[in-house]
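See below for query.csv, which holds CSV, C-alpha atoms.
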chain,number,residue,atom,x,y,z
T,1,MET,CA,104.5,-85.9,52.9
T,2,ARG,CA,101.8,-85.9,50.2
T,3,ALA,CA,100.2,-89.0,51.8
T,4,ILE,CA,100.1,-87.3,55.2
T,5,ILE,CA,98.3,-84.2,53.7
T,6,ILE,CA,95.8,-86.3,51.8
T,7,LEU,CA,95.0,-88.4,54.8
T,8,CYS,CA,94.6,-85.3,56.9
T,9,LEU,CA,92.3,-83.7,54.4
T,10,LEU,CA,90.2,-86.9,54.1
T,11,GLU,CA,89.9,-87.1,57.9
T,12,PHE,CA,88.9,-83.4,58.0
T,13,ALA,CA,86.3,-83.8,55.2
T,14,PHE,CA,84.6,-86.8,56.7
T,15,ALA,CA,84.9,-86.2,60.4
T,16,ASN,CA,85.2,-82.5,61.2
T,17,PHE,CA,83.9,-80.6,58.1
T,18,SER,CA,80.4,-79.1,58.6
T,19,TRP,CA,78.6,-76.4,56.8
T,20,ASN,CA,76.7,-75.5,60.0
T,21,GLY,CA,79.6,-73.6,61.5
T,22,PRO,CA,82.0,-74.7,64.2
T,23,SER,CA,80.9,-77.2,66.8
T,24,GLU,CA,80.1,-76.2,70.3
T,25,GLY,CA,83.2,-75.4,72.3
T,26,GLU,CA,85.3,-75.2,69.2
T,27,GLU,CA,87.4,-72.1,68.8
T,28,GLU,CA,87.1,-70.4,65.4
T,29,ASP,CA,90.7,-69.2,65.2
T,30,ALA,CA,92.9,-71.9,66.8
T,31,SER,CA,96.5,-71.1,67.0
T,32,PRO,CA,98.5,-72.8,64.2
T,33,GLU,CA,101.7,-72.9,66.3
T,34,GLU,CA,100.5,-75.7,68.7
T,35,PRO,CA,100.0,-78.5,66.1
T,36,CYS,CA,103.2,-77.4,64.4
T,37,LEU,CA,105.2,-77.8,67.6
T,38,ILE,CA,103.8,-81.3,68.1
T,39,ASP,CA,104.1,-82.6,64.5
T,40,LYS,CA,106.1,-80.6,62.0
T,41,ALA,CA,104.8,-82.8,59.1
T,42,SER,CA,101.2,-82.1,59.8
T,43,CYS,CA,101.6,-78.3,60.1
T,44,GLY,CA,100.7,-77.6,56.5
T,45,CYS,CA,97.6,-79.8,56.8
T,46,CYS,CA,96.4,-78.0,59.9
T,47,MET,CA,96.9,-74.6,58.3
T,48,MET,CA,94.9,-75.8,55.3
T,49,GLN,CA,92.1,-76.9,57.6
T,50,GLN,CA,92.0,-73.5,59.3
T,51,ASN,CA,91.8,-71.8,55.9
T,52,ILE,CA,89.0,-74.0,54.8
T,53,HIS,CA,87.2,-73.3,58.0
T,54,ARG,CA,87.6,-69.6,57.6
T,55,MET,CA,86.2,-69.9,54.0
T,56,GLN,CA,83.3,-71.9,55.4
T,57,LEU,CA,82.5,-69.1,57.9
T,58,PHE,CA,82.8,-66.4,55.2
T,59,PHE,CA,80.6,-68.4,52.8
T,60,ASN,CA,77.9,-68.9,55.5
T,61,LYS,CA,77.9,-65.2,56.4
T,62,SER,CA,77.8,-64.2,52.7
T,63,LEU,CA,74.9,-66.6,52.0
T,64,GLU,CA,73.0,-65.2,54.9
T,65,ALA,CA,73.4,-61.6,53.7
T,66,LEU,CA,72.3,-62.6,50.2
T,67,GLU,CA,69.2,-64.3,51.5
T,68,LYS,CA,68.3,-61.2,53.4
T,69,GLU,CA,68.7,-59.1,50.3
T,70,LEU,CA,66.6,-61.6,48.3
T,71,ASP,CA,63.8,-61.3,50.9
T,72,LYS,CA,63.9,-57.5,50.6
T,73,THR,CA,63.8,-57.7,46.9
T,74,GLN,CA,60.9,-60.2,46.9
T,75,ASN,CA,58.9,-58.0,49.4
T,76,THR,CA,59.5,-55.0,47.1
T,77,LEU,CA,58.2,-56.9,44.1
T,78,ASP,CA,55.2,-58.2,46.0
T,79,ASN,CA,54.4,-54.7,47.1
T,80,MET,CA,54.6,-53.4,43.5
T,81,ARG,CA,52.3,-56.2,42.2
T,82,ALA,CA,49.8,-55.5,45.0
T,83,SER,CA,49.8,-51.8,44.1
T,84,ARG,CA,49.0,-52.2,40.4
T,85,SER,CA,45.9,-50.3,39.6
T,86,ALA,CA,44.6,-49.3,36.1
T,87,PHE,CA,41.4,-49.2,34.2
T,88,SER,CA,40.1,-48.0,30.9
T,89,VAL,CA,36.4,-48.1,30.0
T,90,ALA,CA,34.0,-46.9,27.3
T,91,LEU,CA,30.4,-45.9,27.3
T,92,THR,CA,29.1,-48.8,25.3
T,93,ASN,CA,30.0,-51.4,22.7
T,94,SER,CA,26.8,-51.2,20.8
T,95,ASP,CA,26.7,-51.6,17.0
T,96,GLU,CA,24.1,-48.8,16.9
T,97,LEU,CA,24.6,-45.3,18.1
T,98,LYS,CA,23.2,-44.9,21.6
T,99,CYS,CA,22.9,-41.8,23.7
T,100,VAL,CA,22.8,-41.2,27.5
T,101,GLY,CA,20.8,-38.2,28.7
T,102,PRO,CA,19.8,-35.5,28.8
T,103,TYR,CA,18.3,-35.7,32.4
T,104,ARG,CA,16.6,-33.2,34.6
T,105,ASP,CA,19.3,-33.7,37.3
T,106,ASP,CA,22.9,-34.8,37.5
T,107,HIS,CA,23.6,-38.5,36.8
T,108,LEU,CA,26.8,-40.5,37.2
T,109,ILE,CA,27.8,-42.0,33.9
T,110,VAL,CA,28.2,-45.8,34.0
T,111,TYR,CA,30.7,-47.0,31.4
T,112,LYS,CA,29.7,-50.5,30.4
T,113,HIS,CA,32.5,-51.6,28.1
T,114,ILE,CA,35.7,-52.5,29.9
T,115,PHE,CA,39.1,-52.5,28.1
T,116,LEU,CA,41.1,-53.0,31.3
T,117,ASN,CA,40.3,-53.2,35.0
T,118,LEU,CA,43.6,-54.2,36.7
T,119,GLY,CA,43.0,-54.4,40.4
T,120,ASN,CA,39.2,-54.3,40.0
T,121,GLY,CA,39.1,-50.8,41.2
T,122,TYR,CA,36.4,-49.8,38.8
T,123,ASP,CA,32.8,-50.9,39.5
T,124,VAL,CA,30.9,-51.5,36.3
T,125,ASN,CA,27.6,-51.5,38.2
T,126,ASN,CA,27.8,-47.8,39.4
T,127,GLY,CA,30.6,-46.3,37.3
T,128,VAL,CA,32.8,-45.5,40.4
T,129,PHE,CA,36.5,-46.1,40.7
T,130,VAL,CA,37.7,-46.5,44.3
T,131,ALA,CA,41.4,-45.8,44.8
T,132,PRO,CA,43.0,-48.9,46.4
T,133,ARG,CA,45.9,-47.0,48.0
T,134,ALA,CA,47.2,-43.5,48.4
T,135,GLY,CA,49.3,-42.2,45.4
T,136,VAL,CA,49.5,-40.0,42.3
T,137,TYR,CA,47.0,-41.1,39.7
T,138,SER,CA,46.7,-40.1,36.0
T,139,LEU,CA,43.1,-39.6,34.9
T,140,ALA,CA,41.8,-39.0,31.4
T,141,LEU,CA,38.3,-38.3,30.1
T,142,THR,CA,37.0,-38.0,26.6
T,143,VAL,CA,33.4,-37.1,25.7
T,144,TYR,CA,31.5,-37.2,22.4
T,145,SER,CA,28.0,-36.3,21.4
T,146,ASP,CA,25.9,-36.3,18.2
T,147,ALA,CA,23.1,-33.8,17.7
T,148,GLY,CA,21.3,-36.2,15.4
T,149,SER,CA,20.9,-33.7,12.6
T,150,PRO,CA,22.1,-30.2,11.6
T,151,GLY,CA,20.4,-27.5,13.5
T,152,ASN,CA,19.7,-29.5,16.6
T,153,SER,CA,21.3,-28.4,19.9
T,154,LEU,CA,24.6,-30.1,20.9
T,155,ALA,CA,25.5,-30.6,24.5
T,156,ALA,CA,28.6,-32.8,24.9
T,157,CYS,CA,29.7,-32.2,28.5
T,158,ALA,CA,30.7,-34.2,31.6
T,159,GLY,CA,32.4,-33.6,34.9
T,160,LEU,CA,35.3,-35.5,36.5
T,161,GLN,CA,34.7,-35.6,40.2
T,162,VAL,CA,36.4,-37.0,43.3
T,163,ASN,CA,34.2,-37.8,46.3
T,164,GLY,CA,31.4,-35.9,44.7
T,165,LYS,CA,33.4,-32.7,44.1
T,166,LEU,CA,34.1,-31.4,40.6
T,167,VAL,CA,37.7,-31.5,39.5
T,168,ALA,CA,37.5,-30.8,35.8
T,169,GLY,CA,35.0,-31.1,33.0
T,170,PRO,CA,35.0,-30.9,29.2
T,171,ARG,CA,32.0,-29.0,27.8
T,172,GLU,CA,30.7,-28.3,24.3
T,173,LYS,CA,27.3,-26.6,24.0
T,174,ASN,CA,26.1,-25.0,20.8
T,175,ALA,CA,23.6,-25.3,17.9
T,176,GLN,CA,26.0,-25.1,15.1
T,177,ASP,CA,28.0,-28.4,15.1
T,178,HIS,CA,26.4,-31.6,14.2
T,179,GLU,CA,28.8,-33.5,16.4
T,180,ASP,CA,31.7,-32.6,18.7
T,181,SER,CA,34.1,-34.0,21.3
T,182,ALA,CA,36.4,-32.8,24.0
T,183,SER,CA,39.1,-34.4,26.3
T,184,ILE,CA,40.9,-33.7,29.6
T,185,ALA,CA,43.8,-35.3,31.4
T,186,VAL,CA,44.9,-34.6,34.9
T,187,ALA,CA,47.2,-36.0,37.6
T,188,LEU,CA,45.8,-36.1,41.1
T,189,HIS,CA,47.0,-37.2,44.5
T,190,LEU,CA,44.3,-39.6,45.8
T,191,LYS,CA,43.9,-41.1,49.2
T,192,ALA,CA,43.0,-44.8,49.7
T,193,GLY,CA,39.2,-45.1,49.4
T,194,ASP,CA,38.7,-41.9,47.4
T,195,LYS,CA,35.9,-42.3,44.9
T,196,VAL,CA,36.4,-41.1,41.3
T,197,ALA,CA,33.4,-40.9,38.9
T,198,VAL,CA,32.1,-39.0,35.9
T,199,ASN,CA,29.0,-36.8,36.2
T,200,LEU,CA,26.6,-36.0,33.4
T,201,PRO,CA,25.3,-32.5,34.2
T,202,ILE,CA,21.7,-31.4,33.6
T,203,GLY,CA,20.8,-31.0,29.9
T,204,CYS,CA,23.9,-32.7,28.6
T,205,PHE,CA,24.0,-36.0,26.7
T,206,LEU,CA,26.6,-38.3,25.2
T,207,CYS,CA,26.3,-40.6,22.3
T,208,ASP,CA,28.5,-43.6,21.3
T,209,ASP,CA,28.7,-46.9,19.7
T,210,LYS,CA,31.5,-49.5,19.2
T,211,SER,CA,33.8,-46.7,18.0
T,212,HIS,CA,34.3,-45.9,21.7
T,213,ARG,CA,34.4,-42.1,21.5
T,214,ASN,CA,33.5,-41.7,25.2
T,215,THR,CA,36.2,-43.1,27.4
T,216,PHE,CA,37.3,-42.9,31.0
T,217,THR,CA,40.8,-44.0,32.0
T,218,ALA,CA,42.9,-43.9,35.2
T,219,PHE,CA,46.1,-45.6,36.5
T,220,LEU,CA,48.4,-45.3,39.4
T,221,LEU,CA,51.6,-43.6,38.6
T,222,TYR,CA,53.3,-44.3,42.0
T,223,ALA,CA,52.1,-45.0,45.5
T,224,THR,CA,52.8,-42.6,48.4
T,225,ASP,CA,51.7,-44.7,51.4
If you took the structure in this file and wrote it as structure tokens, what would it be?
Amino acid sequence: MRAIIILCLLEFAFANFSWNGPSEGEEEDASPEEPCLIDKASCGCCMMQQNIHRMQLFFNKSLEALEKELDKTQNTLDNMRASRSAFSVALTNSDELKCVGPYRDDHLIVYKHIFLNLGNGYDVNNGVFVAPRAGVYSLALTVYSDAGSPGNSLAACAGLQVNGKLVAGPREKNAQDHEDSASIAVALHLKAGDKVAVNLPIGCFLCDDKSHRNTFTAFLLYATD
């Protein structure tokens, strides 16, 4: 009896077994009664073949479902990588204190020292950040100025703007402090292509060196497109 089962299994493994599913015209659930009526000794072998065949179908379907889930997960990860956007810049990296302004009209501040520019959304040539996709962004701005000597007027001010419109702006104007700084942080919903920049208003000036007291930072919290 054991020899019959072994021979039957070998015949099935080398002749009929296929991981590509049942062959054309083959029924998936053949009735076990017919071979049992013909040969009682081979009934157990036939039942075993049918069970292996069912396991093969179950395995193939499960593998196909897992492959689909893997594709979905990979697409999600690719989308997350593509949406990464963050930058952090400073006014200068000079060893000596340098000031920008004051001007007779408004000027966009061009931050020359880059700490991070993930996604290359910030343009170091014009100081403008272009949102790569719609989403909620965190933006932060810190300004610092030095009057040069006690008694001189101090005008540390700047304006955070989106598409040329003022959103928020730290401001410190007086003739009492020798130096001063201010910071703001906001969360904004931006559309793809929105332009974010920092404006230096008329009469204001900022001073900095490699201490990096003037910084401009933004990053995507989550996409909404």
> For Ala134 in chain T, which of T:Glu96, T:Asp106, T:Glu64, T:Asp194 is the closest residue, counting only C-alpha atoms?
Replying inline: T:Asp194
>> Give me, as a PyMOL selection string, all polymer residues having an atom no more than 9 Å from Asn126 in chain T, counting only C-alpha atoms and skipping those fewer than 2 positions away in the same chain.
In response: chain T and resi 108-111+122-124+128-129+197
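With all atoms listed in the file as the atoms that count, the minimum distance from Tyr144 in chain T to the choices T:Thr215, T:Asn93, T:Asn75, T:Ser85 is reached by T:Thr215.
Closest approach to Asp208 in chain T from the set T:Asn51, T:Asp146, T:Ser88, T:Pro132 is made by T:Asp146, with distances taken over all atoms listed in the file.
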>> Counting all atoms listed in the file, which residues sit no farther than 10 Å from the position (35.0, -27.4, 26.8) in the file's frame? I'd like them as a ChimeraX atom specification.
In response: /T:143,156-158,168-173,181-184
> Between T:Ser211, T:Leu221, T:Ala90, T:Lys165, which has the minimum distance to Val196 in chain T (counting all atoms listed in the file)?
Replying inline: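 Of the candidates, the smallest distance to Val196 in chain T is held by T:Lys165.
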Residues near Val89 in chain T, cut-off 9 Å, only C-alpha atoms, skip fewer than 3 positions along chain, as a PDB file with C-alpha atoms, keeping the file's coordinate frame:
ATOM      1  CA  THR T  92      29.100 -48.800  25.300  1.00  0.00           C
ATOM      2  CA  TYR T 111      30.700 -47.000  31.400  1.00  0.00           C
ATOM      3  CA  LYS T 112      29.700 -50.500  30.400  1.00  0.00           C
ATOM      4  CA  HIS T 113      32.500 -51.600  28.100  1.00  0.00           C
ATOM      5  CA  ILE T 114      35.700 -52.500  29.900  1.00  0.00           C
ATOM      6  CA  PHE T 115      39.100 -52.500  28.100  1.00  0.00           C
ATOM      7  CA  LEU T 116      41.100 -53.000  31.300  1.00  0.00           C
ATOM      8  CA  ASN T 117      40.300 -53.200  35.000  1.00  0.00           C
ATOM      9  CA  TYR T 122      36.400 -49.800  38.800  1.00  0.00           C
ATOM     10  CA  HIS T 212      34.300 -45.900  21.700  1.00  0.00           C
ATOM     11  CA  ASN T 214      33.500 -41.700  25.200  1.00  0.00           C
ATOM     12  CA  THR T 215      36.200 -43.100  27.400  1.00  0.00           C
ATOM     13  CA  PHE T 216      37.300 -42.900  31.000  1.00  0.00           C
ATOM     14  CA  THR T 217      40.800 -44.000  32.000  1.00  0.00           C
TER      15      THR T 217
END
